Amino acid sequence: MSAEDEAARLRRLQAALGKIGYGGDYNPEQWPEDVWSEDLELMREAGVDLITLGVFGWAQVEPEPGRYSFDLFDRIIDRLHSAEVQLSLATMTASPPAWLSASHPEMLPQRADGTRLWHGARQSYCPSSPVYRDHAVRLVEQLAARYGEHPALAVWHVGNEYGVHVAECYCDVSALDFRRWLQERYATVDGLNEAWSTDFWSQRYGSFEQVLPPRSAPTFCNPAQQLDFARFSSDAMLACCRAEIEVLRRVTPRVPVTTNFCGLWKPVDYWAWAPHLDLVSVDSYPDPGDPESHIEAAFTYDLLRSLKGGRPWLLMEQAPSAVNWRTRNVVKAPGEMRQGSWQAVARGADAVMFFQWRQSRGGAEKWHSGMVPHVGADSRGFREVKALGAELAAHPQLAGSRVQADVAIVMDWPNWWALELDSHPSVDVTMREALLAHYTPLFEAGVTCDVVPSTGNLSNYRLVVVPNLYLTTADAARNLSDYVHGGGHLVVSCFSGIVDDCDRVHLGGYLGPLRSVVGARVEEWLPLQEHQSLKVQLEGRLGDGACEATVWSELVIPSTAAVVGAFADGHLAGSAALLHHEFGAGTCWYIGTRLDRAGMRQVIEAALAEAGVAPVLADLPAGVEATARVAEDGTRAVFLLNRRPEPVTVGLPDSTTLTLDPRGVAVHYTHPTPEGL
Ligand code: GAL
């Protein structure tokens with residue numbers, strides 16, 4: 001795919017919308033047609049101009065094998081077009097119809113323990129199934145031919161949340177596909193034996209035919225096998241997605257293509273997927289019952305923006321209020337939906353969309369909120385939806401503008417998979433917790449942060465933060481070291497530089513290929529008990545305070561690094577916990593434990609100060625989130641979101657002030673000074 005075609009497709013989408021898109025999943029097939037008229041009227045009232053259509057439409061448009069019936073979609077698409085609503089048109093392949101698995105039960109997915117997952121919910125297909133892929137591609141050919149030229153079509157929405165229910169399949173068909181994938185990766189079975197360390201536990205294979213997915217086994221499956229199976233499973237789903245994209249590119253080369261990622265989602269390697277899409281989209285369901293869930297949402301949005309080098313992305317789904325799938329489904333308080341929506345825009349989204357337009361009457365998701373609730377338009381929910389639509393329409397200039405960041409946080413999927421493998425020193429070191437522990441102080445400082453892979457281009461950043469890079473490849477280590485050597489600032493945390501891409505330990509002292517940039521090696525680790533904590537005494541450039549550490553401790557042996565914090569109790573009392581290392585023209589901080597929130601804040605703030613990173617707004621009050629987007633003409637929009645229970649006054653760069661209500665949101669514009677003035 002040439003970058004030029006991709007840019008042209010994006011321009012087409014931006015021109016079609018001309019503003020921040022607004023809408024949601026629309027499932028008209030669930031309703032009699034007289035409801036459609038009301039839908040269109042309410043969409044107009046709410047300012048809806050972009051809807052996702054047909055996500056679960058397969059059984060409707062192909063009621064029996066090879067017989068297509070598009071009448072319903074023809075009618076609603078024309079009506080939507082007359083109402084000036086654009087389409088994010090689904091390829092309808094997310095939930096195969098009953099007839100497909102009834103005639104081909106082998107296309108149903110299988111768990112590691114051999115259980116088949118039958119028809120009756122959704123997403124019941126094995127990603128490696130040629131039966132599924134052939135039928136899906138055939139359907140996409142039909143859809144592309146029928147609607148590719150329709151003036152309402154703004155973007156193709158491929159599949160839906162790949163892997164949300166079935167992220168891997170262990171059936172015989174998958175086993176064959178896994179072997180093919182392994183053969184491509186290792187060429188010979190000896191190569192595989194070497195990579196998987198199969199001389200341990202008599203696991204050596206004589207041929208690829210003997211290799212299985214990591215099915216339920218007496219105890220821990222080979223870790224390299226598990227890691228490769230995670231890679232393979234992401235690739236198998238990507239192959240499904242790419243097979244559809246191939247059809248769309250051929251038949252409708254001018255229409256952009258996206259798929260909706262599923263939040264912060266372990267099974268799908270977003271870095272590997274993003275290059276195949278014109279733009280990325282995400283579904284985001286922060287828990288209204290968790291007062292900190294907006295931090296993970298912010299991280300997810302920063303990740304989404306970073307996947308395509310800072311380009312705008314789409315918030316494809318969020319809940320208007322409660323979901324139906326948590327154990328207790330907390331309702332969004334007045335103003336919460338509005339604030340969450342602006343949070344996405346503030347971090348680069350060019351569309352704010354929901355699941356779903358009209359709350360279902362029947363089916364598994366009838367207790368999931370809708371933009372139009374069961375009670376109808378005379379409701380708090382719809383009034384808020386309508387108000388937000390009007391508000392977003394008043395800021396058309398935001399569409400296409402960019403967020404800039406001086407800081408990046410490193411995140412790799414193979415590292416996530418490897419870090420959380422079984423039989424590790426501690427179950428408490430997990431990727432999500434590690435990412436948020438490092439991201440939260442940046443978020444609270446009002447510092448915007450991109451996300452980069454460990455081998456990504458770091459040259460645009462003043463500071464790069466590396467949470468638990470357990471799997472460190474030689475390329476990643478070189479990239480990070482060169483970055484620091486050339487003047488960059490790095491923060492690396494514990495349990496990093498441990499294994500190669502086959503989960504084999506880097507020998508000669510932990511930190512392995514990161515030893516020289518960190519200026520130390522680690523001799524052994526001492527994971528902490530669940531409720532255990534240790535005191536860390538700060539020193540040197542971190543001052544003379546103290547903080548608490550949990551989860552992890554380790555015996556760090558500094559070589560050229562300076563100690564800036566030491567364990568104050570436990571077996572390691574007196575030994576190094578925190579390091580600062582001058583390396584080439586830059587510096588590297590090392591955190592040999594998991595510091596509490598205050599401790600993390602201290603280290604990150606010291607690193608930010610050293611790297612010369614400024615927050616979006618100086619003197620930002622606690623509990624206020626601040627980000628900025630800059631348009632092509634230089635107009636800068638600063639977004640302010642108040643999460644405090646009381647009003648708060650914020651000082652702006654032009655020396656004016658602005659008071660935000662509880663859950664308040666403000667957008668403050670500054671225009672570039674005309675030249676010569
Ligand atoms: C998403 C899915 C939607 C809907 C929604 C409910 O995972 O894409 O179809 O099920 O969750 O929150």
# chains A, B, ... in the order shown; residues from 1 in each chain; ligands from 1
>>> residues_near_ligand(ligand="ligand 1", cutoff="6 Å", atoms="only C-alpha atoms and all ligand atoms", output="ChimeraX atom specification")
/A:160-161,323,355
>>> residues_around(residues="range 382-384 of chain A", least_positions_apart="5", cutoff="9 Å", atoms="only C-alpha atoms", output="list of chain:residue names")
A:Ala46, A:Pro320, A:Pro334, A:Gly335, A:Met337, A:Arg338, A:Gly370, A:Met371, A:Val372, A:Pro373, A:Gly376, A:Ala377, A:Gly389
>>> write_last_selection(atoms="N, CA and C atoms", output="compact mmCIF listing (two decimals), in the first residue's frame")
# COMPACT_ATOMS: atom_id res chain seq x y z
N ALA A 46 -29.68 14.89 17.27
CA ALA A 46 -28.47 14.69 18.08
C ALA A 46 -27.20 15.10 17.34
N PRO A 320 -22.71 4.82 26.22
CA PRO A 320 -23.36 6.07 26.61
C PRO A 320 -23.49 6.15 28.14
N PRO A 334 -24.09 12.19 35.57
CA PRO A 334 -24.29 13.31 34.65
C PRO A 334 -22.94 13.97 34.33
N GLY A 335 -22.69 14.20 33.07
CA GLY A 335 -21.44 14.86 32.67
C GLY A 335 -20.28 13.92 32.43
N MET A 337 -20.11 11.03 30.66
CA MET A 337 -20.00 10.62 29.25
C MET A 337 -19.41 11.75 28.41
N ARG A 338 -19.86 12.96 28.69
CA ARG A 338 -19.34 14.13 27.96
C ARG A 338 -17.83 14.26 28.20
N GLY A 370 -27.86 2.61 25.52
CA GLY A 370 -27.82 3.06 24.13
C GLY A 370 -27.95 4.57 24.10
N MET A 371 -27.61 5.18 22.95
CA MET A 371 -27.75 6.63 22.84
C MET A 371 -29.23 7.00 22.98
N VAL A 372 -30.09 6.11 22.43
CA VAL A 372 -31.53 6.25 22.68
C VAL A 372 -31.90 5.11 23.63
N PRO A 373 -32.16 5.43 24.89
CA PRO A 373 -32.43 4.35 25.86
C PRO A 373 -33.81 3.72 25.66
N GLY A 376 -36.71 5.97 25.69
CA GLY A 376 -36.89 6.88 24.57
C GLY A 376 -36.13 8.18 24.73
N ALA A 377 -36.45 9.13 23.86
CA ALA A 377 -35.68 10.36 23.77
C ALA A 377 -35.91 11.29 24.97
N GLY A 389 -23.51 16.23 20.91
CA GLY A 389 -23.50 16.36 19.45
C GLY A 389 -23.40 17.83 19.04
>>> closest_residue(among="A:Val451, A:Leu303, A:Val517, A:Ala445", to="Arg478 in chain A", atoms="only C-alpha atoms")
A:Val517
>>> residues_around(residues="Arg133 in chain A", least_positions_apart="6", cutoff="8 Å", atoms="only C-alpha atoms", output="PyMOL selection string")
chain A and resi 127+240+243
>>> closest_residue(among="A:Gly148, A:Gly263, A:Gly586, A:Gly159", to="Leu248 in chain A", atoms="only C-alpha atoms")
A:Gly148
>>> closest_residue(among="A:Gly574, A:Gly488, A:Gly512, A:Pro97", to="Tyr470 in chain A", atoms="only C-alpha atoms")
A:Gly512
>>> closest_residue(among="A:Pro286, A:Gly47, A:Gly348, A:Gly21", to="Gln318 in chain A", atoms="only C-alpha atoms")
A:Pro286
>>> closest_residue(among="A:Val251, A:Ala224, A:Val164, A:Ala585", to="Pro414 in chain A", atoms="only C-alpha atoms")
A:Ala224
>>> atom_distance(atom1="CA of Ser559 in chain A", atom2="CA of Ala520 in chain A")
4.9 Å
>>> select_by_dssp(residues="range 7-247 of chain A", states="strand (DSSP E or B)", output="list in words")
Gly21, Tyr22, Gly23, Gly24, Asp25, Tyr26, Leu50, Ile51, Thr52, Leu53, Glu64, Arg67, Gln86, Leu87, Ser88, Leu89, Ala90, Gln110, Arg116, Leu153, Ala154, Val155, Trp156 and His157 of chain A
>>> residues_around(residues="range 547-556 of chain A", least_positions_apart="6", cutoff="9 Å", atoms="only C-alpha atoms", output="PyMOL selection string")
chain A and resi 426+428-429+494-495+520-538+567+572+575-578+592-600
>>> residues_around(residues="Pro28 in chain A", least_positions_apart="2", cutoff="9 Å", atoms="only C-alpha atoms", output="CSV table (one decimal) with all heavy atoms, in the first residue's frame")
chain,number,residue,atom,x,y,z
A,26,TYR,N,-25.2,1.2,14.6
A,26,TYR,CA,-26.6,1.2,14.4
A,26,TYR,C,-27.0,-0.1,13.8
A,26,TYR,O,-26.4,-0.6,12.9
A,26,TYR,CB,-26.9,2.3,13.3
A,26,TYR,CG,-28.4,2.5,13.0
A,26,TYR,CD1,-29.3,2.4,13.9
A,26,TYR,CD2,-28.7,2.8,11.7
A,26,TYR,CE1,-30.7,2.5,13.6
A,26,TYR,CE2,-30.1,3.0,11.3
A,26,TYR,CZ,-31.0,2.9,12.3
A,26,TYR,OH,-32.4,3.0,12.0
A,30,GLN,N,-32.6,-5.0,13.9
A,30,GLN,CA,-33.2,-5.4,15.1
A,30,GLN,C,-34.6,-4.8,15.3
A,30,GLN,O,-35.3,-5.1,16.2
A,30,GLN,CB,-32.4,-5.0,16.4
A,30,GLN,CG,-31.0,-5.6,16.5
A,30,GLN,CD,-30.3,-5.1,17.7
A,30,GLN,OE1,-30.8,-4.4,18.5
A,30,GLN,NE2,-29.0,-5.5,17.7
A,31,TRP,N,-34.9,-3.8,14.4
A,31,TRP,CA,-36.2,-3.0,14.6
A,31,TRP,C,-37.1,-3.0,13.4
A,31,TRP,O,-36.6,-3.1,12.3
A,31,TRP,CB,-35.8,-1.6,14.9
A,31,TRP,CG,-35.0,-1.5,16.2
A,31,TRP,CD1,-33.6,-1.5,16.3
A,31,TRP,CD2,-35.5,-1.5,17.5
A,31,TRP,NE1,-33.3,-1.4,17.7
A,31,TRP,CE2,-34.4,-1.4,18.4
A,31,TRP,CE3,-36.8,-1.5,18.1
A,31,TRP,CZ2,-34.6,-1.4,19.8
A,31,TRP,CZ3,-37.0,-1.5,19.4
A,31,TRP,CH2,-35.9,-1.4,20.3
A,32,PRO,N,-38.4,-2.9,13.7
A,32,PRO,CA,-39.3,-2.8,12.5
A,32,PRO,C,-39.1,-1.4,11.8
A,32,PRO,O,-38.6,-0.5,12.5
A,32,PRO,CB,-40.7,-2.8,13.2
A,32,PRO,CG,-40.5,-2.6,14.6
A,32,PRO,CD,-39.1,-3.0,15.0
A,33,GLU,N,-39.4,-1.3,10.6
A,33,GLU,CA,-39.0,-0.1,9.8
A,33,GLU,C,-39.6,1.2,10.3
A,33,GLU,O,-39.1,2.2,10.0
A,33,GLU,CB,-39.3,-0.4,8.3
A,33,GLU,CG,-38.3,-1.4,7.8
A,33,GLU,CD,-38.2,-1.4,6.3
A,33,GLU,OE1,-38.5,-0.4,5.6
A,33,GLU,OE2,-37.7,-2.4,5.7
A,35,VAL,N,-39.7,2.2,13.2
A,35,VAL,CA,-38.7,2.8,14.1
A,35,VAL,C,-37.6,3.5,13.4
A,35,VAL,O,-37.0,4.5,14.0
A,35,VAL,CB,-38.2,1.6,15.1
A,35,VAL,CG1,-37.1,2.2,16.1
A,35,VAL,CG2,-39.3,0.9,15.8
A,36,TRP,N,-37.3,3.1,12.2
A,36,TRP,CA,-36.2,3.7,11.5
A,36,TRP,C,-36.5,5.2,11.3
A,36,TRP,O,-35.5,6.0,11.4
A,36,TRP,CB,-36.0,3.1,10.1
A,36,TRP,CG,-35.6,1.7,10.1
A,36,TRP,CD1,-35.4,0.8,11.1
A,36,TRP,CD2,-35.3,0.9,8.9
A,36,TRP,NE1,-35.1,-0.4,10.7
A,36,TRP,CE2,-35.0,-0.4,9.3
A,36,TRP,CE3,-35.3,1.2,7.5
A,36,TRP,CZ2,-34.6,-1.4,8.4
A,36,TRP,CZ3,-34.9,0.2,6.6
A,36,TRP,CH2,-34.6,-1.1,7.0
A,39,ASP,N,-35.6,6.9,14.3
A,39,ASP,CA,-34.1,6.9,14.4
A,39,ASP,C,-33.5,8.1,13.6
A,39,ASP,O,-32.7,8.8,14.1
A,39,ASP,CB,-33.5,5.6,13.9
A,39,ASP,CG,-33.7,4.4,14.8
A,39,ASP,OD1,-33.9,4.7,16.0
A,39,ASP,OD2,-33.8,3.3,14.3
A,53,LEU,N,-22.5,0.5,10.5
A,53,LEU,CA,-23.7,-0.2,10.1
A,53,LEU,C,-23.3,-1.7,9.8
A,53,LEU,O,-22.2,-1.9,9.2
A,53,LEU,CB,-24.3,0.4,8.9
A,53,LEU,CG,-25.7,-0.1,8.4
A,53,LEU,CD1,-26.8,0.4,9.4
A,53,LEU,CD2,-26.0,0.3,7.0
A,54,GLY,N,-24.1,-2.6,10.3
A,54,GLY,CA,-24.0,-4.0,9.7
A,54,GLY,C,-23.0,-4.9,10.5
A,54,GLY,O,-22.6,-5.9,9.9
A,72,LEU,N,-32.8,-5.0,2.8
A,72,LEU,CA,-32.9,-4.2,4.1
A,72,LEU,C,-31.7,-3.1,4.1
A,72,LEU,O,-32.0,-1.9,4.4
A,72,LEU,CB,-32.8,-5.1,5.3
A,72,LEU,CG,-32.9,-4.5,6.6
A,72,LEU,CD1,-33.6,-5.5,7.6
A,72,LEU,CD2,-31.6,-4.1,7.3
A,73,PHE,N,-30.5,-3.6,3.9
A,73,PHE,CA,-29.4,-2.6,3.9
A,73,PHE,C,-29.5,-1.6,2.8
A,73,PHE,O,-29.1,-0.4,3.0
A,73,PHE,CB,-28.1,-3.4,4.0
A,73,PHE,CG,-27.8,-3.9,5.3
A,73,PHE,CD1,-28.1,-5.3,5.6
A,73,PHE,CD2,-27.3,-3.1,6.4
A,73,PHE,CE1,-27.9,-5.8,6.9
A,73,PHE,CE2,-27.1,-3.6,7.6
A,73,PHE,CZ,-27.4,-5.0,7.9
A,76,ILE,N,-32.0,1.1,4.1
A,76,ILE,CA,-31.5,1.9,5.2
A,76,ILE,C,-30.4,2.8,4.8
A,76,ILE,O,-30.2,3.9,5.2
A,76,ILE,CB,-31.3,1.1,6.5
A,76,ILE,CG1,-31.1,2.1,7.7
A,76,ILE,CG2,-30.1,0.2,6.4
A,76,ILE,CD1,-32.2,2.9,8.1
A,358,ARG,N,-29.5,2.6,19.4
A,358,ARG,CA,-30.7,2.4,20.1
A,358,ARG,C,-30.5,1.2,21.0
A,358,ARG,O,-30.1,0.1,20.5
A,358,ARG,CB,-31.9,2.2,19.1
A,358,ARG,CG,-33.2,2.2,19.8
A,358,ARG,CD,-34.3,2.0,18.7
A,358,ARG,NE,-34.8,3.2,18.1
A,358,ARG,CZ,-35.6,4.1,18.6
A,358,ARG,NH1,-36.2,3.9,19.8
A,358,ARG,NH2,-36.0,5.1,17.9
>>> atom_distance(atom1="CA of Ala7 in chain A", atom2="CA of Pro312 in chain A")
12.1 Å
>>> residues_around(residues="Glu106 in chain A", least_positions_apart="6", cutoff="9 Å", atoms="only C-alpha atoms", output="PDB file with N, CA and C atoms, in the first residue's frame")
ATOM      1  N   CYS A 126     -12.865 -20.249  14.042  1.00  0.00           N
ATOM      2  CA  CYS A 126     -11.427 -20.454  14.216  1.00  0.00           C
ATOM      3  C   CYS A 126     -10.739 -19.521  13.230  1.00  0.00           C
ATOM      4  N   SER A 129      -9.382 -21.013  10.072  1.00  0.00           N
ATOM      5  CA  SER A 129     -10.266 -21.857   9.264  1.00  0.00           C
ATOM      6  C   SER A 129     -10.381 -21.346   7.827  1.00  0.00           C
ATOM      7  N   VAL A 131     -12.482 -22.400   5.754  1.00  0.00           N
ATOM      8  CA  VAL A 131     -13.927 -22.314   5.507  1.00  0.00           C
ATOM      9  C   VAL A 131     -14.411 -20.919   5.909  1.00  0.00           C
ATOM     10  N   CYS A 171      -7.500 -25.933  17.765  1.00  0.00           N
ATOM     11  CA  CYS A 171      -8.028 -27.096  17.027  1.00  0.00           C
ATOM     12  C   CYS A 171      -6.991 -27.652  16.051  1.00  0.00           C
ATOM     13  N   ASP A 172      -7.347 -28.734  15.379  1.00  0.00           N
ATOM     14  CA  ASP A 172      -6.404 -29.363  14.448  1.00  0.00           C
ATOM     15  C   ASP A 172      -6.089 -28.461  13.258  1.00  0.00           C
ATOM     16  N   VAL A 173      -7.079 -27.688  12.824  1.00  0.00           N
ATOM     17  CA  VAL A 173      -6.846 -26.774  11.698  1.00  0.00           C
ATOM     18  C   VAL A 173      -5.828 -25.706  12.125  1.00  0.00           C
TER      19      VAL A 173
END
>>> residues_around(residues="Ser82 in chain A", least_positions_apart="4", cutoff="12 Å", atoms="only C-alpha atoms", output="number ranges by chain")
A: 37, 40-41, 44, 49, 75-78, 86, 150-152
>>> closest_residue(among="A:Ala274, A:Leu143, A:Leu471, A:Ala3", to="Gly57 in chain A", atoms="only C-alpha atoms")
A:Leu143
>>> atom_distance(atom1="CA of Thr635 in chain A", atom2="CA of Ala351 in chain A")
19.6 Å
>>> select_by_dssp(residues="range 495-622 of chain A", states="alpha helix (DSSP H)", output="list in words")
Arg515, Ser516, Val517, Val518, Arg597, Ala598, Gly599, Met600, Arg601, Gln602, Val603, Ile604, Glu605, Ala606, Ala607, Leu608, Ala609, Glu610 and Ala611 of chain A
